[in-house]
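Enquirer: One structure is given below, represented as structure tokens, and several questions about it will come after.
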Amino acid sequence: MVGKLTGAYAGCLLLLGTPCVHAATVVTDNVISLAAQTQNNVPVTFGQVFKDGDVPQGATVTATLNGQPVTLQVDAKATNPDGSLRHAVLTAIVPALGGNAQIPMTLTAEPALPAGNGPITPAQLLATSYDAWVSLNIGGKTYKANARALLQAADSSHACAPWGTQCNLWLSGPLTSEWVVNGPVTAADGTTNPNLRIYFAIRAYAGATPGTLGNVRTDVIVENSSAFAPQAQPQYTAALTSGTATYTSPALTQYAYTRWHKVLWWNNAQPQVYLQQDTQYIQATKAVSRYMSLTPDQKFLTGLRQSCAPLDHCDQTKTMANTGAQASIGPLPRWSSVYIAHPDVRAYNWMLANTDALGAYSSHYRDQQTGWPVSIQKRPYATVINWGGASQMAAQNSTKGAAYKADMLQNCFNNSVVSKCVTGSYGTGNPNVWDNAHQPSGAYLPYMVTGDYYYMSELAFGASYNELWSNEAYRGFSKGLIDAAHGQVRAKAWVLREMADAAWLLPDGNPLQAEFTADVENSLADWNAKYTNNPNANLLGLMNDGAVYSMNGGSHNGMAPWQHNFLTWSVGHATELGFAGAAEFRNWLAKFEIGLMTDWQ
């Protein structure tokens, strides 16, 4: 939906029984030029989260730049139960942006108006000379994938639709449309690489003249993510092109279940612009917790990484299960919390660089049959952590054995790249090792503020992997129960955070959003039955499961209080996001936290 108003709206619009909507300012962000010279017709696309009720059902969002109305395209993504807008991808085209300028963009909730011009179509882009290529040199043999050919095939077969697997229509409107197409890499002799698949997220913007196109942005995504195919670790160098824009990778080893991406602007026509969000408003929505107001010094900001090479773990801990402090541990990792406290463009880039680094971990399992991250509702017997037990079950000549076999992940095997694969014990050979009890908040905030398809899919991959990182029976197979399936209390905390964040922020139509919501609701009901509503539960408000320390001569009979703090925060976060049952369990856990401070009295 697209809204454009050129003056104040007085009164109230009533259409088909929709509620009264009055014009109201929601938030003011800033458009910041990163160039010394004036830029014209500058496209700006970003994600915006909204406070519950700020954009009611029946309303849309409009924008002004320096007080002057500007056309705004609103791609609504997630809504609240009352129909109000929770999250959207917003696009504006700034007519003129002075060198090093900073222009306030004020977003206002207004009554929705009838749709205006139709959306940009694939045919319009294909009528230009746009193209983008991926070329991989694998062992001296060249394999390629072509964005134009994939988009042409999808358009010819009318395959572009929201959540289409051949062509996912991500954005659609008169200012910009984005199509995500995918295919294998293919050699000149027609052979394809069985492991690598390329996703092109192609975003075309309207030009300055009506009916023309301007900038074209291609997010090139390289995946080795087929969940149920034999594992492999292809080694290659990649050359990406889009017109005159080029990128050549270093020599890469891409372990199973990893991915990386690179954005190219056709003919290097990349706008030099940064949309600086009001992160105080983001905190007011309760999407993230409230942070102390801090201003990092310039030396700190200047020293932040602005990008990382593909498949590099960057500032993420290489082996996440290592003991001791890590920058990634907390409600948000350090790079995201710095951005929330002080949204300087350098903090923004640091956050995105370290989110990209999560692609280096073997945590991206895509089901070839569905085209989406693995669903435990469709694959209830799939498991990483109990792979050995599952393989024994799969070997049985029974109906249950056949079900286990159908959902079995493939183990790694030793070759010239990996040498520590063990029969009967699951592994990938990847030196970057993910851990449920030390995992960072993944793509939640990056997707929230960018609206990018890549970060949306990264958010879904992360939640799906948390499902797989559990004993299939302990999680209740398709129920996604967290408690017994994730032993350490800190693991329960961070898994709940990841599942709640994905369930709350993923688009309404995402194929896994309802499943992740069910996981959270099932887990909260399970905890409330065990603790909140159980008169025999621990009177101090302590978990019975997840003990990690030995006390008073016992063996592993003591729970780490700081891990309990993590869980209390995580359940409190789920409460603020509005999950049913979260407040009751938070209040039960809080007895311990409050007691630490007050029981001495």
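Chains: A, B, ... in order of the structure tokens. Residues: from 1 per chain. Ligands: from 1, in order shown.
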Env of Asn168 (chain A): 8 Å cut, atoms = only C-alpha atoms, seq-sep filter 5 positions within chain, self excluded. Answer as a ChimeraX atom specification.
Expert: /A:160-163,179-181
Enquirer: Running DSSP on the backbone, which parts of region 348-569 of chain A land in strand (DSSP E or B), as a ChimeraX atom specification?
Expert: /A:366,373,422,425,433,549,558
Enquirer: Could those residues be written to a file, using all heavy atoms, as a short mmCIF file (atom, residue, chain, number, x, y, z; two decimals), in the first residue's frame?
Expert:
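Now in part33.cif:
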```cif
data_model
loop_
_atom_site.label_atom_id
_atom_site.label_comp_id
_atom_site.auth_asym_id
_atom_site.auth_seq_id
_atom_site.Cartn_x
_atom_site.Cartn_y
_atom_site.Cartn_z
N ARG A 366 18.26 -25.66 4.92
CA ARG A 366 17.12 -25.40 4.04
C ARG A 366 16.57 -26.73 3.52
O ARG A 366 17.32 -27.56 3.01
CB ARG A 366 17.54 -24.51 2.87
CG ARG A 366 16.36 -23.98 2.05
CD ARG A 366 16.83 -23.19 0.84
NE ARG A 366 17.43 -21.91 1.16
CZ ARG A 366 16.76 -20.76 1.33
NH1 ARG A 366 15.44 -20.78 1.25
NH2 ARG A 366 17.40 -19.64 1.59
N PRO A 373 13.70 -22.77 5.37
CA PRO A 373 14.39 -23.43 6.48
C PRO A 373 13.58 -24.60 7.02
O PRO A 373 12.34 -24.62 6.93
CB PRO A 373 14.54 -22.31 7.52
CG PRO A 373 14.60 -21.06 6.69
CD PRO A 373 13.66 -21.30 5.54
N VAL A 422 33.31 -38.36 12.55
CA VAL A 422 33.26 -39.64 13.26
C VAL A 422 31.95 -40.34 12.95
O VAL A 422 30.87 -39.74 13.06
CB VAL A 422 33.39 -39.43 14.78
CG1 VAL A 422 33.30 -40.76 15.52
CG2 VAL A 422 34.70 -38.72 15.11
N SER A 425 28.54 -40.03 15.15
CA SER A 425 28.48 -38.75 15.86
C SER A 425 28.40 -37.63 14.84
O SER A 425 29.23 -37.55 13.94
CB SER A 425 29.71 -38.57 16.75
OG SER A 425 29.68 -37.33 17.41
N VAL A 433 32.11 -22.74 15.29
CA VAL A 433 31.20 -23.64 16.00
C VAL A 433 30.16 -22.84 16.77
O VAL A 433 30.49 -22.04 17.66
CB VAL A 433 31.98 -24.57 16.97
CG1 VAL A 433 31.03 -25.55 17.66
CG2 VAL A 433 33.07 -25.33 16.21
N TYR A 549 26.27 -26.30 38.88
CA TYR A 549 27.33 -26.23 39.88
C TYR A 549 27.08 -27.22 41.01
O TYR A 549 25.95 -27.60 41.29
CB TYR A 549 27.43 -24.81 40.46
CG TYR A 549 27.94 -23.78 39.49
CD1 TYR A 549 27.19 -22.66 39.15
CD2 TYR A 549 29.19 -23.94 38.88
CE1 TYR A 549 27.65 -21.72 38.24
CE2 TYR A 549 29.66 -23.02 37.98
CZ TYR A 549 28.90 -21.91 37.66
OH TYR A 549 29.37 -20.99 36.76
N GLY A 558 23.47 -27.20 41.95
CA GLY A 558 23.30 -25.76 42.16
C GLY A 558 23.14 -25.03 40.83
O GLY A 558 23.81 -25.36 39.86
#
```
Enquirer: Within 12 Å of region 76-89 of chain A, counting only C-alpha atoms, which residues qualify if same-chain residues fewer than 6 places away don't, as a VMD selection string?
Expert: chain A and resid 1 to 3 18 to 19 21 26 44 to 61 109 162 170 to 173 176 to 178 282 285 to 287 445 447 to 453 456 502 to 510 513 577 to 579
Enquirer: Go through A:Asn40, A:Leu540, A:Pro230, A:Thr106 and flag the residue nearest Val70 (chain A), using only C-alpha atoms for the distances.
Expert: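 Comparing A:Asn40, A:Leu540, A:Pro230, A:Thr106 against Val70 (chain A), the winner is A:Thr106.
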Enquirer: Find the spatial neighbours of Asn182 (chain A), counting only C-alpha atoms, within a cut-off of 8 Å - ignore same-chain residues fewer than 3 positions away - and output them as number ranges by chain.
Expert: A: 150, 166-167, 197-200
Enquirer: Please produce an output containing C-alpha atoms for each residue in the selection, written as a PDB file, in the first residue's frame.
Expert:
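What follows is the written file selection_21.pdb:
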```pdb
ATOM      1  CA  LEU A 150      16.285 -16.591 -13.658  1.00  0.00           C
ATOM      2  CA  GLN A 166      10.967 -19.903  -7.634  1.00  0.00           C
ATOM      3  CA  CYS A 167      10.416 -16.147  -7.345  1.00  0.00           C
ATOM      4  CA  ARG A 197      22.777 -22.403  -4.906  1.00  0.00           C
ATOM      5  CA  ILE A 198      22.542 -18.697  -5.703  1.00  0.00           C
ATOM      6  CA  TYR A 199      19.757 -16.378  -4.574  1.00  0.00           C
ATOM      7  CA  PHE A 200      19.440 -12.992  -6.297  1.00  0.00           C
TER       8      PHE A 200
END
```
Enquirer: Please return as a ChimeraX atom specification: the residues of region 254-431 of chain A that backbone DSSP assigns to helix (DSSP H, G or I).
Expert: /A:266-268,279-284,298-302,334-341,345-360,387-394,399-406
Enquirer: So which residues touch region 397-414 of chain A within 12 Å, counting only C-alpha atoms, skipping near sequence neighbours fewer than 6 positions away, as a PyMOL selection string?
Expert: chain A and resi 225-233+255-257+362+365-369+374-391+420-430+468+472-473+477
Enquirer: So, counting only C-alpha atoms, which residue among A:Gly211, A:Gly303, A:Gly553, A:Gly324 is closest to Leu125 (chain A)?
Expert: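 Checking each of A:Gly211, A:Gly303, A:Gly553, A:Gly324 against Leu125 (chain A), counting only C-alpha atoms, the winner is A:Gly211.
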Enquirer: Between CA of Ala127 (chain A) and CA of Thr209 (chain A), what is the spacing in Å?
Expert: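 Separating CA of Thr209 (chain A) from CA of Ala127 (chain A) is a distance of 15.8 Å.
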Enquirer: Extract, using only C-alpha atoms, all DNA, RNA and protein residues at most 12 Å from Val273 (chain A), discarding same-chain residues fewer than 5 positions from it, and format them as a ChimeraX atom specification.
Expert: /A:30-46,93-94,96-103,345
Enquirer: Only C-alpha atoms, please: the residues just picked out, written as a PDB file, in the first residue's frame.
Expert:
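Everything below was put into out-v8.pdb:
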```
ATOM      1  CA  ASN A  30      16.983  11.311   9.546  1.00  0.00           C
ATOM      2  CA  VAL A  31      18.201  10.961   5.963  1.00  0.00           C
ATOM      3  CA  ILE A  32      21.961  11.561   6.018  1.00  0.00           C
ATOM      4  CA  SER A  33      24.128  12.123   2.951  1.00  0.00           C
ATOM      5  CA  LEU A  34      27.452  10.260   2.978  1.00  0.00           C
ATOM      6  CA  ALA A  35      28.724  12.203  -0.037  1.00  0.00           C
ATOM      7  CA  ALA A  36      30.257  15.666  -0.305  1.00  0.00           C
ATOM      8  CA  GLN A  37      28.328  16.479  -3.481  1.00  0.00           C
ATOM      9  CA  THR A  38      24.601  16.852  -4.116  1.00  0.00           C
ATOM     10  CA  GLN A  39      22.761  13.674  -5.131  1.00  0.00           C
ATOM     11  CA  ASN A  40      19.457  13.623  -7.012  1.00  0.00           C
ATOM     12  CA  ASN A  41      16.611  11.105  -6.924  1.00  0.00           C
ATOM     13  CA  VAL A  42      18.154   9.185  -4.061  1.00  0.00           C
ATOM     14  CA  PRO A  43      16.317   5.933  -3.185  1.00  0.00           C
ATOM     15  CA  VAL A  44      15.983   5.120   0.510  1.00  0.00           C
ATOM     16  CA  THR A  45      14.543   1.803   1.714  1.00  0.00           C
ATOM     17  CA  PHE A  46      14.477   0.756   5.357  1.00  0.00           C
ATOM     18  CA  ILE A  93      12.986   8.717  -3.248  1.00  0.00           C
ATOM     19  CA  VAL A  94      14.645  11.920  -2.080  1.00  0.00           C
ATOM     20  CA  ALA A  96      17.686  16.260  -3.935  1.00  0.00           C
ATOM     21  CA  LEU A  97      20.124  15.504  -1.126  1.00  0.00           C
ATOM     22  CA  GLY A  98      22.820  18.088  -0.515  1.00  0.00           C
ATOM     23  CA  GLY A  99      26.394  17.145   0.228  1.00  0.00           C
ATOM     24  CA  ASN A 100      26.791  15.961   3.860  1.00  0.00           C
ATOM     25  CA  ALA A 101      23.181  17.025   4.485  1.00  0.00           C
ATOM     26  CA  GLN A 102      20.944  15.685   7.232  1.00  0.00           C
ATOM     27  CA  ILE A 103      17.209  15.908   6.512  1.00  0.00           C
ATOM     28  CA  VAL A 345      26.534   4.932  10.624  1.00  0.00           C
TER      29      VAL A 345
END
```
Enquirer: Can you pull out every residue within 12 Å of Met292 (chain A), counting only C-alpha atoms, but drop anything in the same chain fewer than 5 positions away, and send it as a ChimeraX atom specification?
Expert: /A:279-280,283,337-338,340-342
